[in-house]
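Chemist: Contents of target36.txt (compact mmCIF, C-alpha atoms) are given next:
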```
# COMPACT_ATOMS: atom_id res chain seq x y z
CA MET A 1 0.00 0.00 0.00
CA ALA A 2 1.39 3.40 -0.98
CA GLY A 3 2.17 5.85 1.77
CA PRO A 4 0.29 9.11 2.14
CA ALA A 5 0.94 12.27 0.17
CA PHE A 6 1.34 15.53 2.02
CA ARG A 7 0.38 19.10 1.27
CA ALA A 8 3.18 21.49 0.44
CA ALA A 9 1.51 24.38 2.25
CA ALA A 10 1.59 24.78 6.02
CA VAL A 11 -1.59 24.30 8.06
CA ARG A 12 -2.65 26.31 11.10
CA VAL A 13 -4.66 24.71 13.91
CA ARG A 14 -6.26 26.53 16.84
CA THR A 15 -7.23 24.55 19.95
CA PRO A 16 -9.17 25.87 22.96
CA ALA A 17 -8.55 25.58 26.66
CA THR A 18 -11.00 23.31 28.43
CA SER A 19 -12.37 22.77 31.91
CA ALA A 20 -13.23 19.20 32.88
CA ASN A 21 -15.43 17.70 35.60
CA LEU A 22 -17.40 20.94 36.26
CA GLY A 23 -18.06 19.77 39.79
CA PRO A 24 -20.04 16.52 39.76
CA GLY A 25 -19.17 15.29 36.25
CA PHE A 26 -15.87 13.62 37.11
CA ASP A 27 -14.07 12.34 33.97
CA ALA A 28 -17.24 12.96 31.94
CA PHE A 29 -18.10 16.65 31.51
CA GLY A 30 -16.01 19.18 29.63
CA LEU A 31 -16.43 22.82 28.65
CA SER A 32 -14.58 24.57 25.83
CA LEU A 33 -13.22 28.01 26.72
CA GLY A 34 -12.24 31.05 24.66
CA LEU A 35 -8.49 30.85 25.35
CA TYR A 36 -6.41 29.33 22.56
CA ASP A 37 -3.13 27.79 21.48
CA ASP A 38 -2.14 28.17 17.83
CA VAL A 39 0.07 25.72 15.96
CA VAL A 40 1.46 25.91 12.43
CA VAL A 41 2.75 22.67 10.92
CA ARG A 42 4.57 22.28 7.60
CA VAL A 43 6.01 19.16 6.01
CA ALA A 44 9.71 19.75 5.34
CA ASP A 45 12.37 17.93 3.36
CA ALA A 46 14.08 16.52 6.44
CA GLY A 47 14.49 16.79 10.20
CA LEU A 48 12.37 18.29 12.95
CA HIS A 49 12.35 21.97 13.82
CA ILE A 50 10.20 23.38 16.66
CA ASP A 51 9.65 27.00 17.68
CA ILE A 52 7.68 27.78 20.86
CA ALA A 53 6.43 31.17 22.04
CA GLY A 54 4.36 31.92 25.14
CA GLU A 55 3.54 29.32 27.79
CA GLY A 56 6.26 26.68 28.10
CA ALA A 57 8.71 28.53 25.85
CA HIS A 58 11.54 28.00 28.33
CA SER A 59 10.61 24.53 29.58
CA LEU A 60 9.07 22.42 26.82
CA PRO A 61 11.33 20.08 24.81
CA ARG A 62 12.12 20.93 21.21
CA ASP A 63 12.50 17.36 20.01
CA GLU A 64 10.49 14.15 19.61
CA ASN A 65 9.56 14.28 23.31
CA HIS A 66 7.28 17.28 22.80
CA LEU A 67 3.71 16.09 23.43
CA LEU A 68 2.40 17.76 20.28
CA VAL A 69 5.08 16.03 18.19
CA ARG A 70 4.25 12.69 19.78
CA ALA A 71 0.61 13.25 18.83
CA LEU A 72 1.62 14.19 15.28
CA ARG A 73 3.71 11.03 14.95
CA THR A 74 0.95 8.79 16.30
CA ALA A 75 -1.58 10.29 13.90
CA PHE A 76 0.78 10.02 10.92
CA ASP A 77 1.24 6.31 11.66
CA LEU A 78 -2.54 5.84 11.46
CA LEU A 79 -2.69 7.96 8.31
CA GLY A 80 -0.24 5.66 6.54
CA GLY A 81 3.28 6.94 7.19
CA GLN A 82 5.60 9.67 8.41
CA PRO A 83 6.65 12.75 6.42
CA ARG A 84 10.36 13.22 5.72
CA GLY A 85 10.56 16.28 7.95
CA LEU A 86 8.45 18.65 10.02
CA GLU A 87 8.47 22.30 10.96
CA VAL A 88 6.28 23.14 13.96
CA VAL A 89 5.59 26.62 15.36
CA CYS A 90 3.61 26.90 18.61
CA ALA A 91 2.02 30.04 20.09
CA ASN A 92 0.89 28.88 23.53
CA ARG A 93 -1.57 30.88 25.64
CA ILE A 94 -3.11 28.14 27.80
CA PRO A 95 -1.34 27.94 31.20
CA HIS A 96 0.43 24.65 31.83
CA GLY A 97 -0.27 22.46 34.85
CA ARG A 98 -3.26 24.52 35.93
CA GLY A 99 -6.25 22.34 35.03
CA LEU A 100 -7.17 24.14 31.81
CA GLY A 101 -6.45 21.33 29.39
CA SER A 102 -3.07 22.38 28.01
CA SER A 103 -2.06 18.77 27.31
CA SER A 104 -5.36 18.06 25.57
CA ALA A 105 -4.90 21.18 23.45
CA ALA A 106 -1.45 19.97 22.38
CA ILE A 107 -2.69 16.46 21.61
CA CYS A 108 -5.68 17.68 19.62
CA ALA A 109 -3.57 20.22 17.75
CA GLY A 110 -1.15 17.47 16.74
CA ILE A 111 -3.68 14.98 15.45
CA VAL A 112 -5.83 17.61 13.71
CA ALA A 113 -2.75 19.11 12.04
CA ALA A 114 -1.53 15.68 10.92
CA ARG A 115 -4.90 14.97 9.33
CA ALA A 116 -5.07 18.41 7.70
CA VAL A 117 -1.59 18.22 6.16
CA THR A 118 -2.23 14.72 4.78
CA ILE A 119 -4.00 14.62 1.43
CA GLY A 120 -7.18 12.60 1.95
CA GLY A 121 -6.65 12.73 5.71
CA ASP A 122 -10.35 13.26 6.49
CA ALA A 123 -11.22 9.95 4.85
CA ARG A 124 -8.40 8.06 6.55
CA LEU A 125 -9.07 9.50 10.04
CA ASP A 126 -12.66 10.61 10.57
CA ASP A 127 -13.97 12.57 13.56
CA THR A 128 -14.86 9.46 15.55
CA ALA A 129 -11.37 8.06 15.07
CA LEU A 130 -9.93 11.46 15.99
CA LEU A 131 -11.68 11.37 19.38
CA GLU A 132 -10.61 7.79 19.99
CA LEU A 133 -6.99 8.60 19.15
CA ALA A 134 -6.92 11.72 21.34
CA THR A 135 -8.39 9.73 24.24
CA GLU A 136 -5.84 6.96 23.77
CA ILE A 137 -3.00 9.47 24.03
CA GLU A 138 -4.50 11.52 26.89
CA GLY A 139 -5.88 8.59 28.89
CA HIS A 140 -9.42 9.94 29.44
CA PRO A 141 -11.92 11.62 27.12
CA ASP A 142 -13.35 14.59 29.04
CA ASN A 143 -10.90 17.35 28.04
CA VAL A 144 -10.15 16.10 24.54
CA ALA A 145 -13.85 15.79 23.72
CA ALA A 146 -14.48 19.42 24.64
CA CYS A 147 -11.30 20.51 22.84
CA LEU A 148 -12.26 18.75 19.60
CA LEU A 149 -16.00 19.47 19.60
CA GLY A 150 -16.34 22.81 21.40
CA GLY A 151 -19.29 23.73 23.60
CA PHE A 152 -20.34 21.59 26.56
CA THR A 153 -19.54 17.89 26.14
CA LEU A 154 -20.44 14.66 27.83
CA ALA A 155 -17.89 11.91 27.17
CA TRP A 156 -17.79 8.23 28.02
CA THR A 157 -16.23 4.98 26.88
CA GLU A 158 -18.23 2.15 25.36
CA ASN A 159 -16.65 -1.24 24.72
CA GLY A 160 -13.29 0.42 25.15
CA ALA A 161 -13.97 3.20 22.63
CA ALA A 162 -14.37 6.89 23.46
CA ARG A 163 -17.69 8.53 22.65
CA ALA A 164 -19.00 12.05 23.22
CA ILE A 165 -21.99 14.27 22.60
CA ARG A 166 -21.92 18.04 22.30
CA MET A 167 -24.45 20.48 23.74
CA ASP A 168 -24.73 24.27 23.52
CA PRO A 169 -24.32 26.09 26.85
CA ALA A 170 -26.81 28.84 27.63
CA ARG A 171 -25.64 32.08 26.05
CA SER A 172 -25.88 33.99 29.32
CA VAL A 173 -23.27 31.80 31.05
CA VAL A 174 -19.81 33.35 31.42
CA PRO A 175 -16.77 31.40 32.70
CA VAL A 176 -14.51 33.23 35.14
CA VAL A 177 -11.22 31.46 35.86
CA PHE A 178 -8.97 32.10 38.87
CA VAL A 179 -5.46 30.93 38.02
CA PRO A 180 -2.79 30.67 40.73
CA ASP A 181 0.96 30.87 40.18
CA THR A 182 1.52 27.29 41.30
CA GLU A 183 1.17 24.16 39.19
CA VAL A 184 -0.28 20.79 40.16
CA LEU A 185 0.49 17.71 38.11
CA THR A 186 -2.57 15.73 37.05
CA ARG A 187 -1.00 12.50 38.29
CA THR A 188 -0.47 14.10 41.71
CA ALA A 189 -4.09 15.21 41.94
CA ARG A 190 -5.36 11.82 40.75
CA GLY A 191 -3.12 10.04 43.22
CA LEU A 192 -5.04 11.61 46.11
CA LEU A 193 -8.37 10.11 45.09
CA PRO A 194 -9.66 7.12 47.09
CA ARG A 195 -10.43 3.81 45.42
CA THR A 196 -14.02 3.93 46.75
CA VAL A 197 -16.41 6.65 47.90
CA PRO A 198 -19.49 6.43 50.14
CA HIS A 199 -22.67 5.40 48.34
CA VAL A 200 -24.49 8.50 49.55
CA ASP A 201 -21.84 10.75 47.98
CA ALA A 202 -21.98 8.88 44.68
CA ALA A 203 -25.76 9.24 44.68
CA VAL A 204 -25.55 12.99 45.27
CA ASN A 205 -23.06 13.38 42.43
CA ALA A 206 -25.21 11.38 40.04
CA GLY A 207 -28.18 13.64 40.72
CA ARG A 208 -26.13 16.81 40.48
CA ALA A 209 -24.53 15.71 37.21
CA ALA A 210 -27.95 15.12 35.69
CA LEU A 211 -29.09 18.52 36.95
CA LEU A 212 -25.99 20.20 35.52
CA VAL A 213 -27.02 19.28 31.97
CA GLU A 214 -30.25 21.22 32.43
CA ALA A 215 -28.62 24.06 34.36
CA LEU A 216 -25.78 24.72 31.93
CA THR A 217 -27.85 24.45 28.77
CA ARG A 218 -31.22 25.96 29.73
CA ARG A 219 -31.55 27.05 33.37
CA PRO A 220 -28.40 28.78 34.64
CA GLU A 221 -30.18 29.81 37.83
CA LEU A 222 -29.68 26.18 38.93
CA LEU A 223 -25.89 26.19 38.48
CA LEU A 224 -25.10 26.52 42.19
CA PRO A 225 -26.77 23.28 43.30
CA ALA A 226 -25.92 21.60 40.00
CA THR A 227 -22.16 22.07 40.50
CA GLU A 228 -21.98 20.46 43.95
CA ASP A 229 -19.36 17.71 44.16
CA ARG A 230 -18.61 15.11 46.83
CA ILE A 231 -16.29 12.62 45.15
CA HIS A 232 -13.08 14.36 44.10
CA GLN A 233 -12.52 18.01 45.07
CA GLU A 234 -12.18 17.68 48.85
CA TYR A 235 -9.90 14.66 48.47
CA ARG A 236 -7.50 16.82 46.43
CA GLN A 237 -7.31 19.50 49.12
CA PRO A 238 -3.77 18.54 50.28
CA ALA A 239 -2.38 19.35 46.81
CA MET A 240 -4.29 22.64 46.43
CA PRO A 241 -5.55 23.93 49.79
CA GLY A 242 -5.90 27.50 48.52
CA SER A 243 -8.03 26.39 45.57
CA VAL A 244 -10.40 24.29 47.67
CA ALA A 245 -10.69 27.16 50.16
CA LEU A 246 -11.49 29.61 47.35
CA VAL A 247 -14.19 27.30 46.01
CA GLY A 248 -15.71 27.18 49.49
CA ARG A 249 -15.67 30.97 49.89
CA LEU A 250 -17.19 31.60 46.47
CA ARG A 251 -19.92 29.00 46.94
CA ALA A 252 -20.76 30.43 50.35
CA ASP A 253 -21.37 33.73 48.53
CA GLY A 254 -23.70 31.98 46.06
CA VAL A 255 -21.19 31.69 43.21
CA PRO A 256 -21.19 28.35 41.28
CA ALA A 257 -17.47 27.67 41.63
CA MET A 258 -15.46 24.45 41.32
CA ILE A 259 -11.97 23.12 40.68
CA SER A 260 -11.16 23.18 36.97
CA GLY A 261 -10.07 19.71 35.93
CA ALA A 262 -7.28 18.46 38.18
CA GLY A 263 -6.69 22.02 39.41
CA PRO A 264 -5.41 24.20 40.84
CA THR A 265 -7.39 26.72 38.74
CA VAL A 266 -10.86 27.53 40.05
CA ILE A 267 -13.66 28.16 37.56
CA ALA A 268 -16.96 29.90 38.24
CA LEU A 269 -19.90 29.73 35.84
CA VAL A 270 -21.94 32.88 36.30
CA GLU A 271 -24.54 34.98 34.54
CA ASP A 272 -23.16 37.64 32.22
CA GLY A 273 -24.11 40.57 34.42
CA ALA A 274 -22.28 39.19 37.46
CA ALA A 275 -19.00 38.13 35.80
CA ASP A 276 -16.96 41.29 36.42
CA LYS A 277 -18.01 41.45 40.08
CA VAL A 278 -17.16 37.78 40.63
CA ALA A 279 -13.74 38.26 39.04
CA ARG A 280 -12.88 40.71 41.82
CA LEU A 281 -13.66 38.28 44.65
CA ALA A 282 -10.55 36.10 44.66
CA GLY A 283 -8.04 38.47 46.26
CA GLU A 284 -4.25 38.40 46.02
CA GLY A 285 -2.41 35.45 44.50
CA TRP A 286 -4.95 34.79 41.77
CA ALA A 287 -5.12 35.95 38.16
CA ALA A 288 -8.85 36.32 37.50
CA ASN A 289 -9.96 36.25 33.87
CA ARG A 290 -13.38 36.50 32.34
CA LEU A 291 -13.46 34.22 29.31
CA SER A 292 -15.91 33.51 26.53
CA LEU A 293 -17.36 30.10 25.75
CA ASP A 294 -15.86 28.44 22.68
CA ALA A 295 -18.32 26.86 20.25
CA ALA A 296 -15.99 25.69 17.47
CA GLY A 297 -13.48 23.41 19.15
CA ALA A 298 -10.25 22.50 17.36
CA SER A 299 -10.21 24.33 14.03
CA VAL A 300 -8.06 24.54 10.92
CA LEU A 301 -7.72 28.24 10.10
CA PRO A 302 -6.25 30.26 7.24
CA LEU A 303 -2.62 31.13 7.90
CA GLY A 304 -3.18 34.86 7.68
CA SER A 305 -6.18 35.14 10.01
```
If you took the structure in this file and wrote it as structure tokens, what would it be?

Modeler:
Amino acid sequence: MAGPAFRAAAVRVRTPATSANLGPGFDAFGLSLGLYDDVVVRVADAGLHIDIAGEGAHSLPRDENHLLVRALRTAFDLLGGQPRGLEVVCANRIPHGRGLGSSSAAICAGIVAARAVTIGGDARLDDTALLELATEIEGHPDNVAACLLGGFTLAWTENGAARAIRMDPARSVVPVVFVPDTEVLTRTARGLLPRTVPHVDAAVNAGRAALLVEALTRRPELLLPATEDRIHQEYRQPAMPGSVALVGRLRADGVPAMISGAGPTVIALVEDGAADKVARLAGEGWAANRLSLDAAGASVLPLGS
């Protein structure tokens, strides 16, 4: 079987930040946010050249160990073969190690770029396969589903394969993120979780997760009760005491706040008119940012846009 042919022109891929879990939806819910990484990939005659600007510019590897390059290579294998060389330029805006899906953004950028630069790539690697591949690399589907599809996503695995559905959040909902200076590794946060949780806590989370679908898509006034969690946030308190304390303070003031993904970022989902006021509640040590909701997910864009 002949190997793939590649486009001579570079491709540009934009991937959004994401917030997973959203309180009760552990490893299932994801929300796509209006904060983006941009990647330009071009097939070259030989070698691998990587430029990085922004987040991770002084710490990320510039070789085959770069997560985005690993995703590119894995996707190219599925697409039929590797190009002779690659040039990769990254403009990173999503904070690393903060629970905003930076690794998912890199993975999705790599596999989407590999498909886009391969002639006939859409036929060789369709959207379902794209989600399955991203989940295989990341290890769980919640962030990658939201990154690929945009909007509010519910992801699960069925017979070992990743699946997801996309919903539109209510237009009045505004995410406010509180980002600390410190990082927390996902494996550290996951390592604090118990193997079992009390049945009563699991039952509360199941009900709140069901309610969150209604609250986030149609009835934002229900977001405070809908974002209650009992199965993961408090257990992670030793790794991010300030974040868990901030969630408690915000919720006591009636703000639907929760840990974003594995933390330590805190995210609040509020009505448009309250977003600026909520952003001022965190105090020192937090960078508070009002973001938009992303509807497009990972996108191939014109180079000049």

Chemist: Find the residues around Arg115 in chain A up to 8 Å (only C-alpha atoms counted), leave out those fewer than 3 positions away in its own chain, and share them as a list in words.

Modeler: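 Here the answer would be Ala75, Phe76, Leu79, Ile111, Val112, Thr118, Ile119, Gly121, Asp122 and Leu125 of chain A.
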
Chemist: If you count only C-alpha atoms, which residues fall within 10 Å of Leu149 in chain A, apart from same-chain ones fewer than 6 positions away, as a PyMOL selection string?

Modeler: chain A and resi 16+31-32+127+131+164-167+294-299

Chemist: Do a neighbour search on range 276-285 of chain A at 7 Å with all atoms listed in the file, toss out local chain neighbours closer than 5 positions, and write the hits as number ranges by chain.

Modeler: A: 176, 180, 290

Chemist: Check the smallest atom-to-atom distance from each of A:Pro175, A:Ile107, A:Leu68, A:Glu228 to Val144 in chain A using only C-alpha atoms, then report the winner.

Modeler: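 Ranking A:Pro175, A:Ile107, A:Leu68, A:Glu228 by distance to Val144 in chain A, first place goes to A:Ile107.
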
Chemist: To one decimal place in Å, what is the distance between CA of Gly248 in chain A and CA of Glu214 in chain A?

Modeler: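 Computing the Euclidean distance for CA of Gly248 in chain A and CA of Glu214 in chain A yields 23.2 Å.
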
Chemist: Enter the distance from CA of Pro141 in chain A to CA of Gly30 in chain A, in Å, rounded to one decimal.

Modeler: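 Spanning CA of Pro141 in chain A to CA of Gly30 in chain A is a straight-line distance of 9.0 Å.
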
Chemist: Using only C-alpha atoms, can you tell me which of A:Pro4, A:Gly85, A:Pro169, A:Pro24 comes closest to Ile50 in chain A?

Modeler: A:Gly85

Chemist: Using all atoms listed in the file, pick whichever of A:Val173, A:Leu291, A:Ala226, A:Ile94 has the shortest atom-to-atom distance to Glu55 in chain A.

Modeler: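 Once distances to Glu55 in chain A are computed over all atoms listed in the file, the minimum belongs to A:Ile94.
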
Chemist: In Å to one decimal, how far is CA of His96 in chain A from CA of Ala209 in chain A?

Modeler: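 Separating CA of Ala209 in chain A from CA of His96 in chain A is a distance of 27.1 Å.
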
Chemist: Measuring between only C-alpha atoms, which one of A:Thr188, A:Thr265, A:Thr15, A:Asn21 shows the shortest distance to Ile231 in chain A?

Modeler: A:Asn21

Chemist: Set the distance at 9 Å and use all atoms listed in the file: which residues neighbour range 35-46 of chain A once local chain neighbours fewer than 5 positions away are removed? I'd like the list as a PDB file with C-alpha atoms, keeping the file's coordinate frame.

Modeler:
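Ended up saving to selection-v9.pdb:
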```pdb
ATOM      1  CA  PHE A   6       1.340  15.530   2.020  1.00  0.00           C
ATOM      2  CA  ARG A   7       0.380  19.100   1.270  1.00  0.00           C
ATOM      3  CA  ALA A   8       3.180  21.490   0.440  1.00  0.00           C
ATOM      4  CA  ALA A   9       1.510  24.380   2.250  1.00  0.00           C
ATOM      5  CA  ALA A  10       1.590  24.780   6.020  1.00  0.00           C
ATOM      6  CA  VAL A  11      -1.590  24.300   8.060  1.00  0.00           C
ATOM      7  CA  ARG A  12      -2.650  26.310  11.100  1.00  0.00           C
ATOM      8  CA  VAL A  13      -4.660  24.710  13.910  1.00  0.00           C
ATOM      9  CA  ARG A  14      -6.260  26.530  16.840  1.00  0.00           C
ATOM     10  CA  THR A  15      -7.230  24.550  19.950  1.00  0.00           C
ATOM     11  CA  PRO A  16      -9.170  25.870  22.960  1.00  0.00           C
ATOM     12  CA  ALA A  17      -8.550  25.580  26.660  1.00  0.00           C
ATOM     13  CA  THR A  18     -11.000  23.310  28.430  1.00  0.00           C
ATOM     14  CA  PRO A  83       6.650  12.750   6.420  1.00  0.00           C
ATOM     15  CA  ARG A  84      10.360  13.220   5.720  1.00  0.00           C
ATOM     16  CA  GLY A  85      10.560  16.280   7.950  1.00  0.00           C
ATOM     17  CA  LEU A  86       8.450  18.650  10.020  1.00  0.00           C
ATOM     18  CA  GLU A  87       8.470  22.300  10.960  1.00  0.00           C
ATOM     19  CA  VAL A  88       6.280  23.140  13.960  1.00  0.00           C
ATOM     20  CA  VAL A  89       5.590  26.620  15.360  1.00  0.00           C
ATOM     21  CA  CYS A  90       3.610  26.900  18.610  1.00  0.00           C
ATOM     22  CA  ALA A  91       2.020  30.040  20.090  1.00  0.00           C
ATOM     23  CA  ASN A  92       0.890  28.880  23.530  1.00  0.00           C
ATOM     24  CA  ARG A  93      -1.570  30.880  25.640  1.00  0.00           C
ATOM     25  CA  ILE A  94      -3.110  28.140  27.800  1.00  0.00           C
ATOM     26  CA  SER A 102      -3.070  22.380  28.010  1.00  0.00           C
ATOM     27  CA  ALA A 105      -4.900  21.180  23.450  1.00  0.00           C
ATOM     28  CA  ALA A 106      -1.450  19.970  22.380  1.00  0.00           C
ATOM     29  CA  ALA A 109      -3.570  20.220  17.750  1.00  0.00           C
ATOM     30  CA  GLY A 110      -1.150  17.470  16.740  1.00  0.00           C
ATOM     31  CA  ALA A 113      -2.750  19.110  12.040  1.00  0.00           C
ATOM     32  CA  ALA A 114      -1.530  15.680  10.920  1.00  0.00           C
ATOM     33  CA  VAL A 117      -1.590  18.220   6.160  1.00  0.00           C
ATOM     34  CA  LEU A 291     -13.460  34.220  29.310  1.00  0.00           C
ATOM     35  CA  SER A 292     -15.910  33.510  26.530  1.00  0.00           C
ATOM     36  CA  LEU A 293     -17.360  30.100  25.750  1.00  0.00           C
ATOM     37  CA  ASP A 294     -15.860  28.440  22.680  1.00  0.00           C
ATOM     38  CA  LEU A 303      -2.620  31.130   7.900  1.00  0.00           C
TER      39      LEU A 303
END
```
